[in-house]
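Shown here: entry12.txt, compact mmCIF, C-alpha atoms.
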```
# COMPACT_ATOMS: atom_id res chain seq x y z
CA MET V 825 85.67 193.72 75.55
CA SER V 826 84.86 194.26 71.91
CA LYS V 827 87.57 195.27 69.50
CA GLN V 828 87.36 198.89 68.55
CA ARG V 829 89.46 201.28 66.61
CA LYS V 830 92.17 202.90 68.64
CA THR V 831 92.39 206.66 68.85
CA HIS V 832 95.56 208.49 67.91
CA VAL V 833 96.52 211.16 70.47
CA SER V 834 99.25 213.80 70.17
CA THR V 835 100.22 215.54 73.35
CA THR V 836 103.15 216.92 75.33
CA VAL V 837 104.67 215.02 78.23
CA ASN V 838 107.35 216.71 80.33
CA GLY V 839 107.99 219.22 77.56
CA GLU V 840 108.48 216.59 74.85
CA PRO V 841 106.00 216.00 72.01
CA CYS V 842 104.48 212.57 72.37
CA GLU V 843 102.04 210.37 70.46
CA PHE V 844 100.17 207.23 71.37
CA LEU V 845 97.29 205.00 70.33
CA CYS V 846 94.69 204.22 72.98
CA GLU V 847 91.27 202.73 73.56
CA PRO V 848 88.60 205.31 74.46
CA THR V 849 88.20 203.63 77.85
CA GLN V 850 91.88 203.83 78.79
CA VAL V 851 92.71 206.31 81.51
CA LEU V 852 95.81 208.50 81.43
CA SER V 853 97.56 206.61 84.25
CA ASP V 854 97.25 203.39 82.24
CA VAL V 855 98.65 204.98 79.08
CA LEU V 856 101.51 206.69 80.91
CA ARG V 857 102.57 203.41 82.51
CA ASN V 858 101.77 200.83 79.86
CA ASN V 859 101.96 202.66 76.52
CA LEU V 860 104.65 205.25 77.29
CA ASN V 861 106.60 203.25 79.88
CA LEU V 862 106.50 206.18 82.33
CA THR V 863 106.04 203.98 85.36
CA GLY V 864 106.92 206.66 87.91
CA THR V 865 103.23 207.55 88.02
CA LYS V 866 101.76 204.90 90.31
CA GLU V 867 98.40 203.25 90.19
CA GLY V 868 96.78 202.86 93.61
CA CYS V 869 93.02 202.91 94.08
CA ASN V 870 92.20 203.76 90.45
CA THR V 871 89.15 205.73 91.66
CA GLY V 872 90.66 209.12 92.49
CA ASP V 873 90.92 208.58 96.24
CA CYS V 874 94.63 207.90 96.88
CA GLY V 875 96.56 210.44 94.78
CA ALA V 876 99.32 208.00 93.76
CA CYS V 877 98.72 208.85 90.09
CA SER V 878 98.89 212.64 90.58
CA VAL V 879 100.09 214.49 87.49
CA MET V 880 99.82 218.06 86.22
CA LEU V 881 97.46 218.56 83.28
CA ASP V 882 97.76 222.04 81.72
CA GLY V 883 98.97 223.28 85.10
CA ALA V 884 96.16 221.67 87.11
CA LEU V 885 96.80 218.96 89.66
CA VAL V 886 94.72 215.90 88.74
CA CYS V 887 94.51 212.16 89.30
CA ALA V 888 95.61 210.52 86.05
CA CYS V 889 93.24 207.62 86.79
CA LEU V 890 90.30 210.03 86.43
CA VAL V 891 91.37 211.44 83.07
CA LEU V 892 90.57 209.61 79.86
CA ALA V 893 93.70 209.28 77.72
CA VAL V 894 91.72 210.54 74.70
CA GLU V 895 91.15 213.80 76.60
CA VAL V 896 94.82 214.80 76.54
CA GLN V 897 95.04 215.65 72.83
CA ASP V 898 97.10 218.89 72.54
CA ARG V 899 97.47 219.17 76.30
CA ASP V 900 100.54 219.61 78.47
CA ILE V 901 101.27 216.85 80.99
CA GLU V 902 103.90 216.86 83.69
CA THR V 903 104.77 213.62 85.44
CA ILE V 904 107.25 212.68 88.16
CA GLU V 905 109.79 211.85 85.43
CA GLY V 906 109.97 215.56 84.56
CA VAL V 907 110.54 216.90 88.06
CA ALA V 908 114.29 216.37 88.51
CA LYS V 909 116.13 218.62 86.07
CA GLU V 910 119.51 217.63 84.58
CA GLY V 911 120.04 214.93 87.13
CA LYS V 912 119.41 217.29 90.04
CA LEU V 913 116.61 216.44 92.45
CA HIS V 914 113.89 219.00 93.07
CA PRO V 915 114.02 220.43 96.64
CA ILE V 916 110.90 218.42 97.52
CA GLN V 917 112.55 215.20 96.40
CA GLN V 918 115.73 216.11 98.27
CA LYS V 919 113.84 216.92 101.48
CA LEU V 920 111.71 213.76 101.32
CA LEU V 921 114.97 211.81 101.23
CA GLU V 922 116.58 213.83 104.05
CA HIS V 923 113.51 213.41 106.27
CA ALA V 924 113.26 209.69 105.41
CA ALA V 925 109.69 210.51 104.48
CA LEU V 926 109.09 207.40 102.42
CA GLN V 927 109.15 203.66 102.87
CA CYS V 928 107.55 201.63 100.09
CA GLY V 929 107.54 204.69 97.82
CA ILE V 930 104.26 204.08 96.05
CA CYS V 931 102.73 207.35 97.27
CA THR V 932 105.93 209.35 96.81
CA PRO V 933 105.66 210.43 93.13
CA GLY V 934 102.14 211.69 93.80
CA VAL V 935 103.28 213.47 96.95
CA VAL V 936 106.09 215.16 95.00
CA ILE V 937 103.77 216.33 92.19
CA ALA V 938 101.08 217.56 94.60
CA SER V 939 103.54 219.31 96.95
CA LYS V 940 105.29 221.00 94.06
CA ALA V 941 101.92 222.27 92.79
CA LEU V 942 101.16 223.68 96.25
CA LEU V 943 104.52 225.40 96.72
CA GLU V 944 104.41 226.95 93.25
CA LYS V 945 101.00 228.44 94.09
CA ASN V 946 101.59 229.18 97.75
CA PRO V 947 105.34 229.46 98.47
CA ASP V 948 104.92 229.71 102.25
CA PRO V 949 102.04 227.46 103.33
CA SER V 950 101.20 226.79 106.96
CA GLU V 951 101.43 223.24 108.28
CA SER V 952 97.64 223.12 108.24
CA GLU V 953 97.52 224.22 104.59
CA VAL V 954 100.01 221.50 103.64
CA ARG V 955 97.99 218.88 105.50
CA TYR V 956 94.73 219.87 103.81
CA TRP V 957 96.34 220.15 100.38
CA LEU V 958 97.83 216.66 100.68
CA ALA V 959 94.68 215.09 102.15
CA GLY V 960 94.18 213.31 98.84
CA ASN V 961 97.64 211.69 98.91
CA LEU V 962 97.37 208.58 101.02
CA CYS V 963 100.48 207.04 102.59
CA ARG V 964 100.04 203.71 104.33
CA CYS V 965 103.55 203.27 105.71
CA THR V 966 105.43 206.37 106.77
CA GLY V 967 102.60 208.31 108.27
CA TYR V 968 102.30 211.95 107.42
CA ASP V 969 104.48 213.88 109.88
CA LYS V 970 107.73 213.35 108.01
CA ILE V 971 106.10 214.14 104.67
CA ILE V 972 104.61 217.37 106.01
CA ARG V 973 107.93 218.44 107.54
CA ALA V 974 109.75 217.66 104.30
CA VAL V 975 107.30 219.79 102.30
CA LEU V 976 107.58 222.72 104.74
CA ASP V 977 111.36 222.40 104.60
CA ALA V 978 111.36 222.26 100.80
CA GLY V 979 109.26 225.44 100.82
CA ALA V 980 111.95 227.17 102.88
CA VAL V 981 114.64 226.02 100.41
CA MET V 982 112.59 227.24 97.45
CA ARG V 983 112.11 230.63 99.14
CA GLY V 984 115.88 230.85 99.50
CA GLU V 985 115.83 230.63 103.31
CA MET H 1332 85.19 199.36 81.30
CA PRO H 1333 83.15 198.17 78.32
CA SER H 1334 83.89 199.89 75.04
CA VAL H 1335 82.62 203.40 74.56
CA HIS H 1336 82.80 206.06 71.90
CA TYR H 1337 84.29 209.47 72.74
CA GLU H 1338 83.48 212.81 71.15
CA ALA H 1339 84.74 216.27 72.05
CA PRO H 1340 82.51 218.80 70.28
CA THR H 1341 83.70 222.40 70.08
CA SER H 1342 80.26 224.03 69.89
CA LEU H 1343 76.86 223.64 71.53
CA ALA H 1344 75.36 222.86 68.12
CA GLN H 1345 77.79 219.98 67.60
CA ALA H 1346 77.17 218.71 71.11
CA ALA H 1347 73.41 218.79 70.51
CA GLN H 1348 73.81 216.51 67.50
CA PHE H 1349 75.70 213.92 69.53
CA LEU H 1350 73.26 214.12 72.44
CA GLN H 1351 70.15 213.78 70.31
CA GLY H 1352 71.53 211.02 68.13
CA ASN H 1353 72.17 208.53 70.91
CA SER H 1354 69.99 207.19 73.69
CA ASN H 1355 72.85 205.92 75.85
CA VAL H 1356 75.00 209.00 76.14
CA LYS H 1357 76.71 210.63 79.11
CA ILE H 1358 78.19 214.09 79.31
CA LEU H 1359 81.79 214.25 80.53
CA ALA H 1360 82.85 217.36 82.41
CA GLY H 1361 85.57 216.68 85.01
CA GLY H 1362 84.82 212.95 85.12
CA THR H 1363 85.30 212.68 88.88
CA ASP H 1364 81.88 211.05 89.21
CA LEU H 1365 81.31 209.61 85.73
CA LEU H 1366 84.63 207.80 85.32
CA VAL H 1367 84.34 206.27 88.79
CA GLN H 1368 80.78 205.16 88.03
CA MET H 1369 81.95 203.61 84.75
CA LYS H 1370 84.82 201.78 86.44
CA LEU H 1371 82.41 200.43 89.03
CA GLY H 1372 79.98 199.35 86.30
CA ILE H 1373 77.22 201.63 87.61
CA ARG H 1374 77.04 203.45 84.29
CA GLN H 1375 77.90 202.02 80.88
CA PRO H 1376 77.36 204.73 78.28
CA ALA H 1377 77.87 203.92 74.61
CA LEU H 1378 78.91 207.51 73.94
CA ILE H 1379 80.75 210.04 76.06
CA VAL H 1380 80.47 213.70 75.04
CA ASP H 1381 83.31 215.78 76.50
CA ILE H 1382 81.95 219.30 76.91
CA LYS H 1383 85.17 221.00 77.99
CA HIS H 1384 85.98 222.21 74.47
CA ILE H 1385 82.73 224.17 74.19
CA PRO H 1386 83.53 227.83 75.02
CA GLU H 1387 80.19 228.50 76.79
CA LEU H 1388 80.84 225.65 79.24
CA MET H 1389 84.19 227.16 80.25
CA GLU H 1390 83.15 230.80 80.72
CA PHE H 1391 84.10 232.33 84.06
CA THR H 1392 83.35 236.01 84.56
CA LEU H 1393 82.60 238.17 87.55
CA GLY H 1394 80.77 241.39 86.70
CA ASP H 1395 77.97 243.76 87.67
CA GLN H 1396 75.43 240.98 87.26
CA GLY H 1397 77.38 238.61 89.47
CA LEU H 1398 79.24 235.41 88.74
CA HIS H 1399 78.74 233.67 85.41
CA LEU H 1400 80.12 230.18 85.78
CA GLY H 1401 80.39 227.78 82.86
CA ALA H 1402 79.14 224.40 83.98
CA ALA H 1403 82.49 222.65 83.40
CA VAL H 1404 84.79 225.23 85.07
CA SER H 1405 86.87 223.40 87.68
CA GLY H 1406 86.74 223.99 91.42
CA ALA H 1407 90.44 224.88 91.37
CA ILE H 1408 89.83 227.76 88.93
CA VAL H 1409 86.99 229.13 91.09
CA ASN H 1410 88.94 228.74 94.29
CA ASP H 1411 91.98 230.54 92.87
CA HIS H 1412 89.94 233.68 92.10
CA ALA H 1413 90.40 236.01 95.09
CA ASP H 1414 87.38 238.24 94.33
CA VAL H 1415 85.03 235.29 93.91
CA ARG H 1416 86.28 233.89 97.23
CA ARG H 1417 85.66 237.23 98.91
CA ILE H 1418 82.18 237.81 97.45
CA TYR H 1419 80.83 234.24 97.78
CA PRO H 1420 82.85 232.74 100.65
CA GLY H 1421 80.24 230.11 101.49
CA PHE H 1422 79.83 228.92 97.91
CA VAL H 1423 83.59 228.73 97.38
CA GLU H 1424 84.16 226.85 100.63
CA ALA H 1425 81.40 224.39 99.70
CA LEU H 1426 82.76 223.81 96.19
CA GLY H 1427 86.27 223.46 97.65
CA LEU H 1428 85.16 220.65 99.95
CA ILE H 1429 84.50 218.31 97.03
CA GLY H 1430 87.19 215.63 97.06
CA SER H 1431 90.91 216.27 97.18
CA SER H 1432 93.14 218.93 95.61
CA GLN H 1433 93.43 216.51 92.69
CA VAL H 1434 89.66 216.18 92.34
CA GLN H 1435 89.37 219.98 92.54
CA GLY H 1436 91.50 220.18 89.39
CA ARG H 1437 88.68 218.51 87.48
CA CYS H 1438 85.37 218.68 89.37
CA SER H 1439 82.89 221.48 88.67
CA ALA H 1440 79.86 223.09 90.26
CA GLY H 1441 77.87 222.12 87.17
CA GLY H 1442 78.95 218.51 87.49
CA ASN H 1443 78.25 218.45 91.21
CA LEU H 1444 74.75 219.69 90.44
CA CYS H 1445 74.04 217.33 87.52
CA ASN H 1446 75.35 214.28 89.40
CA ALA H 1447 72.51 215.04 91.83
CA SER H 1448 73.89 213.44 94.95
CA PRO H 1449 71.74 214.48 97.93
CA ALA H 1450 75.05 215.14 99.74
CA ALA H 1451 76.58 217.37 97.02
CA ASP H 1452 78.35 220.11 98.95
CA SER H 1453 78.07 222.96 96.46
CA VAL H 1454 74.32 222.62 95.87
CA PRO H 1455 72.97 224.05 99.18
CA ALA H 1456 75.46 226.91 98.79
CA LEU H 1457 74.19 227.61 95.25
CA MET H 1458 70.62 227.58 96.58
CA VAL H 1459 71.21 230.22 99.25
CA ASN H 1460 72.96 232.36 96.64
CA ARG H 1461 69.88 232.28 94.34
CA ALA H 1462 71.79 230.56 91.54
CA MET H 1463 70.05 230.13 88.20
CA CYS H 1464 70.85 227.27 85.81
CA ASN H 1465 71.06 227.99 82.08
CA ILE H 1466 70.02 224.97 80.03
CA ILE H 1467 70.08 224.45 76.28
CA GLY H 1468 68.32 221.67 74.44
CA PRO H 1469 66.35 220.61 71.39
CA SER H 1470 63.51 223.03 72.20
CA GLY H 1471 65.74 226.01 72.92
CA THR H 1472 67.07 227.53 76.09
CA ARG H 1473 65.50 227.68 79.53
CA THR H 1474 66.52 228.86 82.94
CA VAL H 1475 65.79 226.91 86.11
CA ALA H 1476 66.32 228.03 89.71
CA VAL H 1477 68.90 225.72 91.26
CA GLU H 1478 66.44 224.56 93.94
CA ASN H 1479 64.27 223.11 91.15
CA PHE H 1480 67.11 221.44 89.23
CA ASN H 1481 67.47 218.14 91.05
CA THR H 1482 64.47 215.87 91.41
CA GLY H 1483 65.83 212.96 93.43
CA PRO H 1484 69.00 211.03 94.22
CA GLY H 1485 70.96 210.88 90.93
CA LYS H 1486 68.10 212.55 89.08
CA ASN H 1487 67.85 216.03 87.59
CA CYS H 1488 65.41 217.99 85.45
CA LEU H 1489 67.43 217.72 82.22
CA ALA H 1490 65.43 216.19 79.38
CA ARG H 1491 67.06 214.09 76.68
CA GLY H 1492 69.39 216.23 74.61
CA GLU H 1493 69.61 219.02 77.17
CA ILE H 1494 72.88 220.36 78.61
CA LEU H 1495 73.47 222.49 81.66
CA VAL H 1496 75.54 225.26 80.06
CA SER H 1497 76.22 227.65 82.92
CA ILE H 1498 75.20 228.88 86.33
CA ASP H 1499 74.55 232.53 87.15
CA ILE H 1500 74.92 233.69 90.72
CA PRO H 1501 73.73 237.25 91.39
CA LEU H 1502 75.90 239.65 93.37
CA PRO H 1503 74.97 239.64 97.05
CA ALA H 1504 73.42 242.82 98.43
CA PRO H 1505 75.58 245.06 100.64
CA ARG H 1506 76.08 243.76 104.19
CA SER H 1507 75.37 240.20 103.07
CA SER H 1508 77.38 237.02 103.34
CA ASP H 1509 77.08 233.27 103.25
CA ALA H 1510 78.60 230.18 104.85
CA TYR H 1511 78.52 226.43 104.32
CA LEU H 1512 79.23 223.79 106.92
CA ARG H 1513 79.07 220.03 106.70
CA PHE H 1514 79.58 217.32 109.24
CA ILE H 1515 81.93 214.45 108.41
CA PRO H 1516 83.59 212.12 110.92
CA ARG H 1517 87.02 212.91 109.46
CA THR H 1518 88.52 216.34 108.77
CA GLU H 1519 88.84 215.97 104.98
CA MET H 1520 88.07 213.72 102.03
CA ASP H 1521 84.64 212.47 103.00
CA ILE H 1522 80.99 212.80 102.02
CA ALA H 1523 78.64 214.94 104.09
CA VAL H 1524 76.59 213.25 106.80
CA ALA H 1525 74.67 216.51 106.85
CA GLY H 1526 75.34 219.94 105.36
CA ALA H 1527 73.91 223.44 105.74
CA ALA H 1528 74.29 226.69 103.85
CA VAL H 1529 73.09 230.06 105.11
CA ALA H 1530 73.08 233.44 103.39
CA ILE H 1531 71.95 236.50 105.30
CA ARG H 1532 71.74 240.25 104.99
CA LEU H 1533 72.01 242.51 108.06
CA ASP H 1534 71.02 246.17 108.36
CA ALA H 1535 73.27 248.74 109.99
CA THR H 1536 71.97 247.83 113.44
CA GLY H 1537 72.64 244.12 112.94
CA VAL H 1538 69.04 243.09 112.32
CA CYS H 1539 68.69 240.36 109.71
CA THR H 1540 66.63 241.68 106.79
CA ALA H 1541 66.91 238.74 104.40
CA ALA H 1542 67.94 235.11 104.74
CA ARG H 1543 68.16 231.89 102.78
CA VAL H 1544 68.82 228.52 104.39
CA ALA H 1545 69.47 225.25 102.54
CA ILE H 1546 70.32 221.80 103.85
CA GLY H 1547 72.07 218.83 102.26
CA ALA H 1548 72.37 215.05 102.74
CA VAL H 1549 69.16 214.96 104.80
CA ALA H 1550 66.56 214.58 102.03
CA PRO H 1551 66.37 213.10 98.52
CA THR H 1552 67.77 216.38 97.22
CA ALA H 1553 69.35 219.42 98.82
CA LEU H 1554 66.52 221.52 100.16
CA LEU H 1555 65.72 225.18 100.69
CA VAL H 1556 64.11 225.71 104.10
CA PRO H 1557 62.04 228.93 103.98
CA ALA H 1558 60.83 228.41 107.56
CA ALA H 1559 64.41 228.43 108.84
CA ALA H 1560 65.14 231.60 106.88
CA ALA H 1561 61.96 233.23 108.23
CA ALA H 1562 63.10 232.46 111.78
CA LEU H 1563 66.24 234.53 111.20
CA VAL H 1564 64.64 237.54 109.50
CA GLY H 1565 63.84 240.36 111.92
CA SER H 1566 66.21 239.03 114.57
CA LYS H 1567 69.76 239.94 115.51
CA LEU H 1568 70.58 236.22 115.23
CA ASP H 1569 70.10 235.87 118.96
CA ASP H 1570 69.92 232.47 120.53
CA ALA H 1571 66.13 232.23 120.30
CA ALA H 1572 66.14 232.97 116.57
CA LEU H 1573 69.00 230.55 115.93
CA SER H 1574 67.22 227.82 117.89
CA LYS H 1575 64.04 228.40 115.93
CA ALA H 1576 65.95 228.22 112.62
CA ALA H 1577 67.72 225.05 113.73
CA ALA H 1578 64.41 223.45 114.72
CA ALA H 1579 62.86 224.43 111.38
CA ALA H 1580 65.77 222.86 109.47
CA SER H 1581 65.53 219.65 111.52
CA ALA H 1582 61.77 219.54 110.93
CA ALA H 1583 62.17 220.04 107.18
CA SER H 1584 64.70 217.22 106.88
CA SER H 1585 63.73 213.65 106.02
CA PRO H 1586 67.04 211.80 106.23
CA ILE H 1587 67.70 208.10 105.78
CA SER H 1588 69.83 205.96 108.07
CA ASP H 1589 72.90 204.56 106.36
CA LYS H 1590 76.57 203.85 107.05
CA ARG H 1591 77.26 207.57 107.41
CA GLY H 1592 74.74 208.18 110.17
CA THR H 1593 71.29 207.46 111.52
CA ALA H 1594 68.26 209.48 110.51
CA GLU H 1595 67.81 210.73 114.10
CA TYR H 1596 71.40 211.91 114.24
CA ARG H 1597 71.24 213.67 110.89
CA LYS H 1598 68.01 215.42 111.84
CA LYS H 1599 69.61 216.76 114.98
CA VAL H 1600 72.97 217.71 113.51
CA VAL H 1601 71.60 219.54 110.46
CA GLY H 1602 69.96 222.03 112.81
CA VAL H 1603 73.24 222.54 114.64
CA LEU H 1604 74.97 223.18 111.31
CA VAL H 1605 72.36 225.79 110.32
CA ARG H 1606 72.89 227.58 113.63
CA ARG H 1607 76.68 227.58 113.25
CA ALA H 1608 76.64 228.56 109.57
CA ALA H 1609 74.41 231.54 110.40
CA ILE H 1610 76.88 232.66 113.07
CA ILE H 1611 79.77 232.39 110.57
CA ALA H 1612 77.87 234.36 107.91
CA LYS H 1613 77.14 237.06 110.50
CA ALA H 1614 80.81 237.23 111.50
CA ARG H 1615 81.76 237.58 107.85
CA ILE H 1616 79.43 240.57 107.42
CA GLU H 1617 80.83 242.16 110.58
CA ALA H 1618 84.36 241.69 109.20
CA GLN H 1619 83.51 243.49 105.95
CA VAL H 1620 85.06 246.95 105.69
```
Represent the supplied structure as structure tokens.
Amino acid sequence: MSKQRKTHVSTTVNGEPCEFLCEPTQVLSDVLRNNLNLTGTKEGCNTGDCGACSVMLDGALVCACLVLAVEVQDRDIETIEGVAKEGKLHPIQQKLLEHAALQCGICTPGVVIASKALLEKNPDPSESEVRYWLAGNLCRCTGYDKIIRAVLDAGAVMRGE
Amino acid sequence: MPSVHYEAPTSLAQAAQFLQGNSNVKILAGGTDLLVQMKLGIRQPALIVDIKHIPELMEFTLGDQGLHLGAAVSGAIVNDHADVRRIYPGFVEALGLIGSSQVQGRCSAGGNLCNASPAADSVPALMVNRAMCNIIGPSGTRTVAVENFNTGPGKNCLARGEILVSIDIPLPAPRSSDAYLRFIPRTEMDIAVAGAAVAIRLDATGVCTAARVAIGAVAPTALLVPAAAAALVGSKLDDAALSKAAAAASAASSPISDKRGTAEYRKKVVGVLVRRAAIIAKARIEAQV
């Protein structure tokens, strides 16, 4: 690859102002992991099929592997590192643990980000709605039943039930 | 990915300069096709022009004239609009079938159209809703009916320097509705083996007075099928009319055999989808208050 001038990007990650230099071809997942050392966002397929790199971009759920890092100038990014507040797990994280809904853990950060986005939009989803919403989050070890139950359970906690 | 230059113009005039000044340029909307194609080495643009900072590309209004949809507005934004879902249920369900929730956060109807996949889910639904494409380019603006936009697999009618700015979808007449169905071997996250969109209008006695039928993934582009629509008009969508419409859709198709299905299978199933989509559209009209 030819040498080219890097682009300076200022953005907000998990509420904190943040700056980095990147190549125009670098995707956001790459910059989060390798420039900003936020390795909670996982890299799976790198083509937008597996959901392991799910992050929130200005409130929209996206795959960070399908966002160019240069696109995030003046945007607001939320990653898995920003989900637990003051050392306290988010209900989704807590319920994934209680349901033993993870094994290798590679899909888990993406599942947490995507489930949180769903429950914030639709606080009381049906099982079917959860399954369709998470269809883009592939898990190759646990299977999906425990994940779905954990998300439904987390919804109940968030509704105060 | 080989090196590439990135620009994010904030006006159509700025974008036009970038597009006309470079022969190897690609427009970036949501990137859910382009970035994958670049990673796979299928496309290697020297310049990427991000159009999401141009106000006209992000307009999203529902008014007396219908839906005005900037070409880069994401599927998630459309899907979250309750009135748009209610008025264009078939279009919204088709757009919502593209990729995952994550892909929906970025993909757009305009991008789905410009990418020109024969299997693009939202395109047949745009066709039955009489969508018009607003294009701007070096020689001014022009408007193209969506059924004339794509010219072949991966090919559209945009000339060098032209941008699809927005899509206008007129309001449906009273007692009208639409539906889109596709067949995939899974329940989610797949590409259509065949797809069908139907929009119909019924009079007070349930007789169909207007219809549009479009099919996807069974020809080089999505295709309007006037003969299938004609089979529905004047009927109460009885079995004979539905069978005639299904046969017309199958006859109009010219599918290929590939890993997703054989040509024979696609020809058969696209007719079944037309029949079922028509029944859903009818049920939606009957459910209107």
Exercise for the section: Provide the atom CA of Ala1360 of chain H to atom CA of Gly1427 of chain H distance in Å, to one decimal place. Expected result: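 Calculated distance between atom CA of Ala1360 of chain H and atom CA of Gly1427 of chain H is 16.8 Å.
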Could the residues of chain H that have an atom at most 6 Å from chain V be listed as a tab-separated table, each with its closest atom pair and the distance in Å to one decimal, counting only C-alpha atoms and ordered by chain and ascending residue number?
```
residue	atom	partner	partner_atom	distance
H:Pro1333	CA	V:Met825	CA	5.8
H:Val1367	CA	V:Thr871	CA	5.6
H:Ser1431	CA	V:Gly960	CA	4.7
H:Ser1432	CA	V:Trp957	CA	5.9
H:Gln1433	CA	V:Val886	CA	4.2
H:Gly1436	CA	V:Val886	CA	5.4
```
Exercise for the section: Using all atoms listed in the file, determine which residues lie at most 8 Å from segment 1543-1552 of chain H, disregarding the query and same-chain residues fewer than 6 positions distant; provide the list as a PyMOL selection string. Expected result: chain H and resi 1447-1452+1454-1456+1458-1460+1481-1484+1523-1531+1559-1560+1580+1584-1587+1594+1597-1598+1601+1605
Handout entry: Counting all atoms listed in the file, the residue of H:Ala1347, H:Leu1366, H:Leu1533, H:Ala1571 that sits nearest Val1335 of chain H
Key =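 That would be H:Leu1366, the residue with the smallest distance to Val1335 of chain H.
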Problem - Within 10 Å of segment 1407-1413 of chain H using all atoms listed in the file, minus same-chain residues under 2 positions, as a PyMOL selection string - result: (chain V and resi 884-885+945) or (chain H and resi 1391+1393+1400+1404-1405+1415-1418+1420+1422-1424+1426-1427+1432-1440)
Exercise for the section: Identify which of the residues V:Ile930, V:Cys846, V:Ala925, V:Leu862 lies closest to Val975 of chain V, counting only C-alpha atoms when measuring atom-to-atom distances. Expected result: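 Residue with the minimum atom-to-atom distance to Val975 of chain V: V:Ala925.
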Practice task
Identify, on the basis of only C-alpha atoms, every residue whose closest approach to Phe1480 of chain H does not exceed 10 Å; exclude the query and any residue fewer than 3 positions from it along the same chain; express the result as a list in words.
Solution key: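 Residues meeting the cut-off are Leu1444, Cys1445, Ala1447, Val1454, Met1463, Cys1464, Thr1474, Val1475, Ala1476, Val1477, Gly1483, Lys1486, Asn1487, Cys1488, Leu1489, Leu1495 and Thr1552 of chain H.
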Problem - Near-Tyr1337 of chain H list (7 Å; all atoms listed in the file; drop same-chain fewer than 5 positions) as a list in words - result: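 Once the adjacent positions are removed, what remains is Pro848 of chain V; Leu1378, Ile1379 and Val1380 of chain H.
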Selection to disk with C-alpha atoms, as a PDB file, in the frame of the given file:
```pdb
ATOM      1  CA  PRO V 848      88.600 205.310  74.460  1.00  0.00           C
TER       2      PRO V 848
ATOM      3  CA  LEU H1378      78.910 207.510  73.940  1.00  0.00           C
ATOM      4  CA  ILE H1379      80.750 210.040  76.060  1.00  0.00           C
ATOM      5  CA  VAL H1380      80.470 213.700  75.040  1.00  0.00           C
TER       6      VAL H1380
END
```
How big is the axis-aligned box around all listed atoms of segment 929-939 of chain V once 6 Å goes on each side, and where's its centre, in Å to one decimal, as lines of an AutoDock Vina configuration file?
```
center_x = 104.3
center_y = 211.7
center_z = 95.0
size_x = 18.5
size_y = 27.2
size_z = 17.6
```
Practice task
In Å, rounded to a single decimal, give me how far atom CA of Arg1606 of chain H is from atom CA of Leu1563 of chain H.
Solution key: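 Taking atom CA of Leu1563 of chain H and atom CA of Arg1606 of chain H, their separation equals 9.9 Å.
By chain and then residue number, the residues within 10 Å of Gln1619 of chain H are Arg1417, Pro1505, Arg1506, Ser1507, Ser1508 and Ala1614 of chain H, counting all atoms listed in the file and disregarding those fewer than 5 positions away in sequence.
Atom to atom, atom CA of Asn858 of chain V and atom CA of Gly1430 of chain H stand 27.0 Å apart.
Nearest residue to His923 of chain V, choosing from V:Gly864, V:Pro949, V:Ser834, V:Asp977 and counting all atoms listed in the file: V:Asp977.
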Practice task
Between H:Asp1589, H:Gly1565, H:Asp1395, H:Ser1334, single out the one closest to Lys1370 of chain H, counting all atoms listed in the file.
Solution key: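 Looking at the shortest contact to Lys1370 of chain H, the residue is H:Ser1334.
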